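J.: Mind having a look at this structure? Questions to follow.
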Number of protein chains: 2
Amino acid sequence: MGPTIADVARVAGVSRSTVSYALSGKRSISDETRQRIFDAIHTLGFTANAGARALATQRTMVLGLLMQFEPDEFAPAMLQYVMAVTETARLKGYDILLVTDHDGPAALKRITDSGMVDGVVLLDVLHDDPRLPVLRAAHQPAAMVGLPADPEGMDVYDLDFGEAARQIVDHLSDLGHREIVLITPPKHVFSRGGAYGWRFRDAAVERAALRGVRLMAHHGEADTSRIPAAVNQVLDARAEATALIVHNDATAAMLPAVLGARGVSVPDDLSVVSLYSADFARTFSLPYTFVESAPGLLGQSAVEALVRRIDSPGGLDRPVTRFIAPELVVRGSTR
Amino acid sequence: MGPTIADVARVAGVSRSTVSYALSGKRSISDETRQRIFDAIHTLGFTANAGARALATQRTMVLGLLMQFEPDEFAPAMLQYVMAVTETARLKGYDILLVTDHDGPAALKRITDSGMVDGVVLLDVLHDDPRLPVLRAAHQPAAMVGLPADPEGMDVYDLDFGEAARQIVDHLSDLGHREIVLITPPKHVFSRGGAYGWRFRDAAVERAALRGVRLMAHHGEADTSRIPAAVNQVLDARAEATALIVHNDATAAMLPAVLGARGVSVPDDLSVVSLYSADFARTFSLPYTFVESAPGLLGQSAVEALVRRIDSPGGLDRPVTRFIAPELVVRGSTR
DNA sequence: CTGAAAGCGCTTACAG
DNA sequence: CTGAAAGCGCTTACAG
């Protein structure tokens, strides 16, 4: 195809190894020689072949990004992870192989065994994620977003959902609310093993009890077309509730329309707090007080940890589970 | 790292070439030998190294997907292209290298010159797209979604926006509407060179003139937080209008809330037609009559064309520009 | 039906 | 400061 390192060597009148060293800077080269080499590189338009380099160095400079677009998932939020991951990877010199196969374990095995990537980022890790056994067998560096049951040996980054729930309940309780409704992620998120669902809910329930507040949790509706009816139903059933916590992107996105149609004004009739990213709020023009879910920070942290681990193969530092501290952003939807 | 083809050969008691041929099926092998080979492969857990294979075959089985997440873009719609592209690629045996660099031409040159991919899919191609010169110089198979000024030598897939506009105008005109407002993509889409903006608008204007209908085009607002005000302003200025055409995802997503707040009921007070994908409509629970923008079909077609071209390097068939025929889906938001 | 060997395009000890 | 050579792990003509 394009020119090879041999062509550059010939034009510059040096050996291939010298060209290689000029490229990598791994040994000193006389100014004059280096000049000739880079001139040759320029006139030929040479770029090193990635495959050959990977074969020789055992490094592909590619990271795998494993995610699944569940058909029943609310996709817009996923995109923010993708953006953060690809951007951070590029900053560190890596490209991203995007893997969305329905069969996650098989896909992971494929890209890992064939040496296509130097490491993998797993998104939306489940409590008992079927990809983890594959990962452990593969002995590939990995970083994940989402807390598995057994994070041993893995770098895990996730929001501290428990703390997020406590902050929100405290905030509402401090304001005097005594009847709170919580809309959690849809049922299938729980049964699939999305731990963030019950980590948030259980902490909210516990904290509410501690503070003498009544908090009732309801599953959010997965089918967007049925969300308005579902929200209305919950609100009807809990007429005494003065505050609503929404831990579900799809419901949050539709809430202004639903509450508007219902004639409920926020925060006069109802205080509302949600959990999502500021970007998400902007896209959907959501005005609610919220806890930042920090997809950008999580994606970035995961990639940085992964790259660090790739760079120190010995494993200098032990793998960590790190919880991002949640941050409550008051926007005036509560009183 | 893992076992190599040499390990398999040794265990099976054959030569490396025989193992390779057993894998590829490119020459006949005795049943007994093949059995021994696959046994060895299984017990060793062998998977061919992708880099080595790519170096030998000049094929990486990876496609580059080039897209930009413009900060001012409404991202949710982008995701549907990504899903269609990755899914179709996998079906054809390819993986996807996701490239989102802000400097598109440089990124394209990088992955192309280094031989990381066998071909590229360009999304959101502009009228005078700076990536095209790079592509032509690279001599890499490519397929694009979005119509460039000069598609010569390129496989281009795009919706027939002109026809979409005509169908919509005809539909409204047939229903008796004589005053129509069109909200186009934001101004920056036009100045950036997103041809779909003016292809739709110009066709709508022309068709309206032909049918004796007044049609006023207004740029959509890019800043989501300012969309409600912008829509209200347009509607105030065109109080006589009985129909609204929305060619802007962000505005469409917020339209139910905006019209609801305004007390406008559809289709009694105003007929509404939009242009988006059915998936998008579902995500945002949009009830409007619309023309399907077909991101799934476009992404799939582009990948299939790309793979075809990769497989027939001679270039058996000439590159084509193919417009997907738009399809009007009546949902009862017009009368 | 099978094997020995060259080659894909790099990197990196080993020598000088 | 620079070069010759081996090696990374595959594939594929060339021979038999």
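Ligands are numbered from 1 in the order shown, chains are lettered A, B, ... in the order of the structure tokens, and residues start at 1 in each chain.
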Report as number ranges by chain all protein, DNA and RNA residues lying within 10 Å of Gly13 (chain B), evaluated on only C-alpha atoms (C1' of nucleotides), omitting residues in the same chain fewer than 2 positions from it.

T.: B: 7-11, 15-16, 19, 33, 36-37, 40

J.: Could those selected residues go to a file with N, CA and C atoms, as an mmCIF file, in the first residue's frame?

T.:
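Output (again_18.cif):
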```
data_model
loop_
_atom_site.group_PDB
_atom_site.id
_atom_site.type_symbol
_atom_site.label_atom_id
_atom_site.label_comp_id
_atom_site.auth_asym_id
_atom_site.auth_seq_id
_atom_site.Cartn_x
_atom_site.Cartn_y
_atom_site.Cartn_z
ATOM 1 N N ASP B 7 2.028 -23.359 18.336
ATOM 2 C CA ASP B 7 1.656 -24.270 19.425
ATOM 3 C C ASP B 7 0.628 -25.289 18.938
ATOM 4 N N VAL B 8 -0.341 -24.796 18.208
ATOM 5 C CA VAL B 8 -1.379 -25.686 17.693
ATOM 6 C C VAL B 8 -0.741 -26.734 16.781
ATOM 7 N N ALA B 9 0.146 -26.289 15.917
ATOM 8 C CA ALA B 9 0.805 -27.201 14.971
ATOM 9 C C ALA B 9 1.566 -28.288 15.722
ATOM 10 N N ARG B 10 2.282 -27.879 16.725
ATOM 11 C CA ARG B 10 3.072 -28.837 17.486
ATOM 12 C C ARG B 10 2.168 -29.884 18.143
ATOM 13 N N VAL B 11 1.139 -29.410 18.833
ATOM 14 C CA VAL B 11 0.234 -30.331 19.530
ATOM 15 C C VAL B 11 -0.476 -31.273 18.542
ATOM 16 N N SER B 15 2.140 -29.125 10.299
ATOM 17 C CA SER B 15 2.870 -27.878 10.072
ATOM 18 C C SER B 15 1.957 -26.681 10.313
ATOM 19 N N ARG B 16 2.581 -25.529 10.486
ATOM 20 C CA ARG B 16 1.789 -24.322 10.710
ATOM 21 C C ARG B 16 0.884 -24.026 9.519
ATOM 22 N N VAL B 19 -2.314 -25.910 9.700
ATOM 23 C CA VAL B 19 -3.249 -25.326 10.661
ATOM 24 C C VAL B 19 -3.953 -24.122 10.040
ATOM 25 N N THR B 33 -6.709 -35.344 10.024
ATOM 26 C CA THR B 33 -5.821 -34.226 10.350
ATOM 27 C C THR B 33 -6.614 -33.039 10.889
ATOM 28 N N ARG B 36 -7.579 -33.567 14.454
ATOM 29 C CA ARG B 36 -6.467 -33.356 15.382
ATOM 30 C C ARG B 36 -6.211 -31.868 15.587
ATOM 31 N N ILE B 37 -6.292 -31.148 14.483
ATOM 32 C CA ILE B 37 -6.035 -29.702 14.563
ATOM 33 C C ILE B 37 -7.079 -29.008 15.433
ATOM 34 N N ALA B 40 -6.630 -29.726 19.023
ATOM 35 C CA ALA B 40 -5.531 -28.945 19.593
ATOM 36 C C ALA B 40 -5.964 -27.501 19.847
#
```

J.: Tell me as JSON, numbers by chain which residues belonging to chain B come within 6 Å of chain D, counting only C-alpha atoms (C1' of nucleotides).

T.: {"B": [52, 53, 56]}

J.: Please, can I see chain A fitted onto chain B by all in-order Cα atoms (least squares), as a compact mmCIF listing (two decimals) with C-alpha atoms, in the first residue's frame?

T.:
```
# COMPACT_ATOMS: atom_id res chain seq x y z
CA MET A 1 0.51 -13.97 25.23
CA GLY A 2 -1.92 -16.70 24.24
CA PRO A 3 -1.06 -19.79 22.27
CA THR A 4 0.07 -19.28 18.69
CA ILE A 5 -0.51 -21.22 15.55
CA ALA A 6 2.85 -22.87 16.13
CA ASP A 7 1.57 -24.30 19.41
CA VAL A 8 -1.49 -25.68 17.69
CA ALA A 9 0.67 -27.20 14.97
CA ARG A 10 2.93 -28.88 17.50
CA VAL A 11 0.09 -30.34 19.55
CA ALA A 12 -1.74 -31.53 16.45
CA GLY A 13 1.44 -32.87 14.94
CA VAL A 14 1.12 -30.96 11.67
CA SER A 15 2.71 -27.94 10.06
CA ARG A 16 1.69 -24.38 10.69
CA SER A 17 0.45 -24.02 7.15
CA THR A 18 -1.90 -26.93 7.59
CA VAL A 19 -3.37 -25.33 10.68
CA SER A 20 -3.83 -22.10 8.78
CA TYR A 21 -5.58 -23.87 5.93
CA ALA A 22 -7.79 -25.75 8.36
CA LEU A 23 -8.82 -22.40 9.79
CA SER A 24 -9.49 -20.73 6.47
CA GLY A 25 -10.81 -23.77 4.62
CA LYS A 26 -8.83 -22.68 1.59
CA ARG A 27 -7.67 -26.16 0.78
CA SER A 28 -8.96 -29.60 1.55
CA ILE A 29 -7.71 -31.42 4.58
CA SER A 30 -8.27 -35.01 5.60
CA ASP A 31 -10.99 -35.46 8.16
CA GLU A 32 -8.59 -37.02 10.60
CA THR A 33 -6.05 -34.22 10.40
CA ARG A 34 -8.72 -31.57 10.68
CA GLN A 35 -10.07 -33.30 13.74
CA ARG A 36 -6.67 -33.31 15.44
CA ILE A 37 -6.21 -29.66 14.61
CA PHE A 38 -9.52 -28.54 16.02
CA ASP A 39 -8.97 -30.66 19.10
CA ALA A 40 -5.68 -28.90 19.63
CA ILE A 41 -7.29 -25.52 19.05
CA HIS A 42 -9.87 -26.31 21.66
CA THR A 43 -7.56 -27.65 24.33
CA LEU A 44 -5.18 -24.74 23.88
CA GLY A 45 -7.92 -22.15 23.56
CA PHE A 46 -6.32 -20.73 20.44
CA THR A 47 -7.53 -17.62 18.65
CA ALA A 48 -5.59 -16.22 15.73
CA ASN A 49 -3.81 -12.97 16.40
CA ALA A 50 -5.62 -10.24 14.55
CA GLY A 51 -2.58 -8.06 13.99
CA ALA A 52 -0.48 -10.83 12.51
CA ARG A 53 -3.32 -11.90 10.30
CA ALA A 54 -3.87 -8.35 9.14
CA LEU A 55 -0.21 -8.00 8.32
CA ALA A 56 -0.23 -11.11 6.23
CA THR A 57 -3.54 -10.61 4.48
CA GLN A 58 -3.62 -6.83 4.19
CA ARG A 59 -7.07 -6.93 5.75
CA THR A 60 -7.88 -5.78 9.24
CA MET A 61 -11.56 -6.61 9.26
CA VAL A 62 -12.10 -3.27 10.92
CA LEU A 63 -14.06 -0.33 9.56
CA GLY A 64 -13.56 3.23 10.67
CA LEU A 65 -16.65 5.16 11.71
CA LEU A 66 -16.04 8.87 11.51
CA MET A 67 -18.40 11.19 13.25
CA GLN A 68 -18.33 14.34 15.25
CA PHE A 69 -20.40 15.09 18.27
CA GLU A 70 -20.81 18.79 17.75
CA PRO A 71 -21.30 20.37 21.14
CA ASP A 72 -24.31 22.23 19.82
CA GLU A 73 -25.74 19.18 18.12
CA PHE A 74 -28.76 17.30 19.40
CA ALA A 75 -27.03 14.02 20.08
CA PRO A 76 -29.82 11.46 20.56
CA ALA A 77 -30.43 11.13 16.83
CA MET A 78 -26.76 10.33 16.12
CA LEU A 79 -26.90 7.20 18.21
CA GLN A 80 -29.18 5.45 15.79
CA TYR A 81 -26.62 5.70 13.04
CA VAL A 82 -23.96 4.32 15.32
CA MET A 83 -26.10 1.36 16.26
CA ALA A 84 -27.00 0.52 12.69
CA VAL A 85 -23.42 0.82 11.51
CA THR A 86 -21.89 -1.33 14.23
CA GLU A 87 -24.58 -3.94 13.95
CA THR A 88 -24.37 -4.27 10.19
CA ALA A 89 -20.59 -4.34 10.35
CA ARG A 90 -20.60 -7.22 12.82
CA LEU A 91 -23.01 -9.13 10.64
CA LYS A 92 -20.47 -8.80 7.85
CA GLY A 93 -17.60 -9.81 10.08
CA TYR A 94 -16.15 -6.38 10.74
CA ASP A 95 -15.43 -4.47 13.91
CA ILE A 96 -15.79 -0.72 14.27
CA LEU A 97 -13.12 1.78 15.13
CA LEU A 98 -14.99 4.79 16.45
CA VAL A 99 -13.29 8.06 15.57
CA THR A 100 -14.71 11.26 16.99
CA ASP A 101 -11.69 13.57 16.79
CA HIS A 102 -12.52 17.21 16.38
CA ASP A 103 -10.03 17.36 13.55
CA GLY A 104 -11.79 14.99 11.17
CA PRO A 105 -9.39 15.23 8.24
CA ALA A 106 -6.36 14.55 10.43
CA ALA A 107 -8.06 11.62 12.11
CA LEU A 108 -9.07 10.18 8.77
CA LYS A 109 -5.53 10.48 7.52
CA ARG A 110 -4.20 8.81 10.62
CA ILE A 111 -6.35 5.68 10.59
CA THR A 112 -6.13 5.40 6.86
CA ASP A 113 -2.39 5.82 6.38
CA SER A 114 -1.55 3.51 9.24
CA GLY A 115 -3.70 0.80 7.75
CA MET A 116 -5.86 0.41 10.84
CA VAL A 117 -9.03 -0.06 8.82
CA ASP A 118 -10.18 -1.60 5.57
CA GLY A 119 -12.55 1.23 4.83
CA VAL A 120 -14.40 4.09 6.40
CA VAL A 121 -17.95 5.28 6.93
CA LEU A 122 -18.36 9.02 7.12
CA LEU A 123 -21.40 10.33 8.90
CA ASP A 124 -22.98 13.72 8.51
CA VAL A 125 -21.05 14.60 5.36
CA LEU A 126 -21.05 18.29 4.53
CA HIS A 127 -21.50 20.07 1.23
CA ASP A 128 -17.83 20.91 1.08
CA ASP A 129 -16.55 18.33 3.52
CA PRO A 130 -12.86 18.76 4.39
CA ARG A 131 -12.51 15.03 4.81
CA LEU A 132 -13.14 14.28 1.15
CA PRO A 133 -9.78 15.45 -0.20
CA VAL A 134 -8.05 13.30 2.40
CA LEU A 135 -10.20 10.39 1.39
CA ARG A 136 -9.46 10.77 -2.29
CA ALA A 137 -5.73 10.90 -1.58
CA ALA A 138 -5.93 7.87 0.66
CA HIS A 139 -7.48 5.59 -1.92
CA GLN A 140 -9.44 3.81 0.75
CA PRO A 141 -12.91 2.43 0.16
CA ALA A 142 -15.46 4.70 1.75
CA ALA A 143 -19.18 5.13 2.09
CA MET A 144 -20.88 8.22 3.34
CA VAL A 145 -24.16 9.38 4.74
CA GLY A 146 -24.90 12.92 3.65
CA LEU A 147 -24.54 14.48 0.23
CA PRO A 148 -21.30 16.30 -0.65
CA ALA A 149 -21.05 18.81 -3.46
CA ASP A 150 -18.91 16.46 -5.49
CA PRO A 151 -19.73 12.82 -4.80
CA GLU A 152 -17.62 11.64 -7.72
CA GLY A 153 -16.02 8.32 -6.93
CA MET A 154 -17.82 7.92 -3.62
CA ASP A 155 -20.70 5.77 -2.45
CA VAL A 156 -23.22 8.16 -1.00
CA TYR A 157 -26.42 7.31 0.82
CA ASP A 158 -28.87 9.88 1.94
CA LEU A 159 -32.52 10.53 2.36
CA ASP A 160 -34.19 12.25 -0.57
CA PHE A 161 -34.85 15.42 1.39
CA GLY A 162 -36.32 17.20 -1.61
CA GLU A 163 -38.88 14.50 -2.13
CA ALA A 164 -39.59 14.42 1.60
CA ALA A 165 -40.37 18.12 1.53
CA ARG A 166 -42.63 17.76 -1.49
CA GLN A 167 -44.56 14.91 0.08
CA ILE A 168 -45.14 16.92 3.22
CA VAL A 169 -46.18 20.08 1.42
CA ASP A 170 -48.51 18.09 -0.84
CA HIS A 171 -50.01 16.35 2.14
CA LEU A 172 -50.78 19.64 3.86
CA SER A 173 -51.87 21.32 0.68
CA ASP A 174 -54.23 18.48 -0.12
CA LEU A 175 -55.78 18.98 3.28
CA GLY A 176 -56.45 22.59 2.38
CA HIS A 177 -53.70 24.41 4.26
CA ARG A 178 -52.66 27.69 2.68
CA GLU A 179 -50.35 29.13 5.34
CA ILE A 180 -47.51 26.95 6.51
CA VAL A 181 -44.56 27.60 8.79
CA LEU A 182 -41.36 25.59 8.41
CA ILE A 183 -38.80 25.33 11.19
CA THR A 184 -35.51 24.34 9.59
CA PRO A 185 -32.31 23.11 11.23
CA PRO A 186 -30.41 25.80 13.13
CA LYS A 187 -28.52 28.43 11.24
CA HIS A 188 -25.12 26.93 11.99
CA VAL A 189 -26.10 23.74 10.19
CA PHE A 190 -26.53 25.78 7.03
CA SER A 191 -23.33 27.74 7.43
CA ARG A 192 -21.40 24.59 8.26
CA GLY A 193 -22.64 23.14 4.99
CA GLY A 194 -25.21 20.58 6.09
CA ALA A 195 -26.90 20.29 2.72
CA TYR A 196 -29.93 18.48 4.08
CA GLY A 197 -31.00 21.79 5.55
CA TRP A 198 -31.40 23.68 2.30
CA ARG A 199 -32.28 20.66 0.22
CA PHE A 200 -35.39 20.22 2.32
CA ARG A 201 -36.17 23.90 2.70
CA ASP A 202 -35.68 24.87 -0.93
CA ALA A 203 -37.81 22.00 -2.16
CA ALA A 204 -40.53 22.89 0.33
CA VAL A 205 -40.52 26.54 -0.74
CA GLU A 206 -40.61 25.64 -4.40
CA ARG A 207 -43.38 23.12 -4.02
CA ALA A 208 -45.45 25.46 -1.92
CA ALA A 209 -45.19 28.14 -4.60
CA LEU A 210 -46.25 25.62 -7.21
CA ARG A 211 -49.28 24.71 -5.17
CA GLY A 212 -50.21 28.25 -4.35
CA VAL A 213 -49.41 27.84 -0.67
CA ARG A 214 -47.62 30.38 1.47
CA LEU A 215 -44.68 28.82 3.27
CA MET A 216 -42.38 30.75 5.56
CA ALA A 217 -39.13 29.18 6.73
CA HIS A 218 -37.48 30.01 10.05
CA HIS A 219 -34.25 28.69 11.47
CA GLY A 220 -34.65 26.45 14.49
CA GLU A 221 -32.92 27.49 17.67
CA ALA A 222 -29.70 25.64 18.51
CA ASP A 223 -29.73 26.32 22.22
CA THR A 224 -32.35 23.97 23.67
CA SER A 225 -33.12 26.22 26.58
CA ARG A 226 -34.23 28.90 24.12
CA ILE A 227 -36.35 26.66 21.93
CA PRO A 228 -39.67 27.29 23.66
CA ALA A 229 -39.30 31.04 23.32
CA ALA A 230 -38.20 30.69 19.71
CA VAL A 231 -41.16 28.53 18.76
CA ASN A 232 -43.57 30.87 20.48
CA GLN A 233 -42.07 33.80 18.67
CA VAL A 234 -42.42 32.15 15.28
CA LEU A 235 -45.99 31.13 15.98
CA ASP A 236 -46.85 34.61 17.17
CA ALA A 237 -45.38 36.13 14.05
CA ARG A 238 -47.34 33.76 11.82
CA ALA A 239 -50.67 33.73 13.54
CA GLU A 240 -52.46 32.95 10.28
CA ALA A 241 -50.52 29.71 9.79
CA THR A 242 -52.59 26.56 10.12
CA ALA A 243 -49.76 24.07 9.71
CA LEU A 244 -46.24 23.61 11.05
CA ILE A 245 -43.44 21.59 9.49
CA VAL A 246 -40.57 20.78 11.83
CA HIS A 247 -37.24 19.78 10.35
CA ASN A 248 -35.23 19.93 13.54
CA ASP A 249 -34.90 17.18 16.13
CA ALA A 250 -34.44 19.40 19.15
CA THR A 251 -37.49 21.47 18.35
CA ALA A 252 -39.57 18.39 17.60
CA ALA A 253 -38.59 16.83 20.92
CA MET A 254 -39.82 19.84 22.84
CA LEU A 255 -42.85 20.61 20.74
CA PRO A 256 -45.49 18.81 22.78
CA ALA A 257 -44.48 20.74 25.89
CA VAL A 258 -44.29 24.03 24.04
CA LEU A 259 -47.63 23.65 22.30
CA GLY A 260 -49.21 22.34 25.45
CA ALA A 261 -48.07 25.35 27.44
CA ARG A 262 -49.30 27.58 24.66
CA GLY A 263 -52.71 25.97 24.76
CA VAL A 264 -52.49 24.93 21.14
CA SER A 265 -54.09 21.60 20.42
CA VAL A 266 -52.99 19.41 17.53
CA PRO A 267 -54.49 19.03 14.99
CA ASP A 268 -57.48 21.17 15.93
CA ASP A 269 -55.62 24.44 16.17
CA LEU A 270 -52.54 23.48 14.26
CA SER A 271 -51.48 20.65 11.96
CA VAL A 272 -47.96 19.37 12.56
CA VAL A 273 -45.68 17.28 10.38
CA SER A 274 -42.09 16.43 11.22
CA LEU A 275 -39.09 14.62 9.84
CA TYR A 276 -37.36 12.13 12.14
CA SER A 277 -37.04 8.45 12.78
CA ALA A 278 -39.74 6.30 14.31
CA ASP A 279 -37.27 5.37 17.05
CA PHE A 280 -36.69 8.99 17.83
CA ALA A 281 -40.42 9.58 17.98
CA ARG A 282 -40.79 6.68 20.37
CA THR A 283 -38.01 7.87 22.67
CA PHE A 284 -39.60 11.28 22.96
CA SER A 285 -43.20 10.11 22.68
CA LEU A 286 -43.86 12.35 19.69
CA PRO A 287 -47.28 11.82 18.18
CA TYR A 288 -46.85 13.68 14.92
CA THR A 289 -47.32 12.64 11.32
CA PHE A 290 -43.77 12.37 10.02
CA VAL A 291 -41.43 11.37 7.26
CA GLU A 292 -39.15 8.58 8.37
CA SER A 293 -35.54 9.75 8.28
CA ALA A 294 -34.35 6.15 8.25
CA PRO A 295 -31.02 6.30 10.10
CA GLY A 296 -31.07 2.54 10.46
CA LEU A 297 -31.48 1.94 6.77
CA LEU A 298 -28.95 4.59 5.83
CA GLY A 299 -26.31 3.25 8.20
CA GLN A 300 -26.92 -0.29 7.05
CA SER A 301 -26.80 0.62 3.37
CA ALA A 302 -23.59 2.54 3.77
CA VAL A 303 -21.86 -0.34 5.52
CA GLU A 304 -23.10 -2.88 3.03
CA ALA A 305 -21.88 -0.78 0.14
CA LEU A 306 -18.56 -0.31 1.83
CA VAL A 307 -18.09 -4.00 2.45
CA ARG A 308 -19.01 -4.76 -1.14
CA ARG A 309 -16.40 -2.35 -2.34
CA ILE A 310 -13.76 -3.78 -0.02
CA ASP A 311 -14.53 -7.25 -1.31
CA SER A 312 -14.20 -6.26 -4.96
CA PRO A 313 -11.05 -4.16 -4.97
CA GLY A 314 -11.04 -3.85 -8.72
CA GLY A 315 -14.13 -1.77 -8.43
CA LEU A 316 -16.53 -3.82 -10.48
CA ASP A 317 -19.38 -1.39 -10.14
CA ARG A 318 -19.15 2.36 -10.30
CA PRO A 319 -19.77 4.30 -7.11
CA VAL A 320 -23.32 5.48 -6.67
CA THR A 321 -25.28 8.20 -5.00
CA ARG A 322 -28.43 6.62 -3.76
CA PHE A 323 -31.35 8.49 -2.26
CA ILE A 324 -33.63 6.64 0.08
CA ALA A 325 -37.24 7.22 -0.85
CA PRO A 326 -38.97 9.03 1.99
CA GLU A 327 -42.08 7.58 3.50
CA LEU A 328 -44.81 9.68 5.01
CA VAL A 329 -46.33 8.11 8.10
CA VAL A 330 -49.71 9.60 8.91
CA ARG A 331 -50.28 9.74 12.64
CA GLY A 332 -53.25 12.03 12.88
CA SER A 333 -51.56 15.29 13.73
CA THR A 334 -52.83 16.86 10.52
CA ARG A 335 -56.25 17.65 9.17
```

J.: Let's see if you can do this: from backbone DSSP, list all strand (DSSP E) residues in region 40-276 of chain A, as number ranges by chain.

T.: A: 62-66, 95-99, 119-122, 142-145, 155-159, 179-184, 214-219, 243-246, 271-276
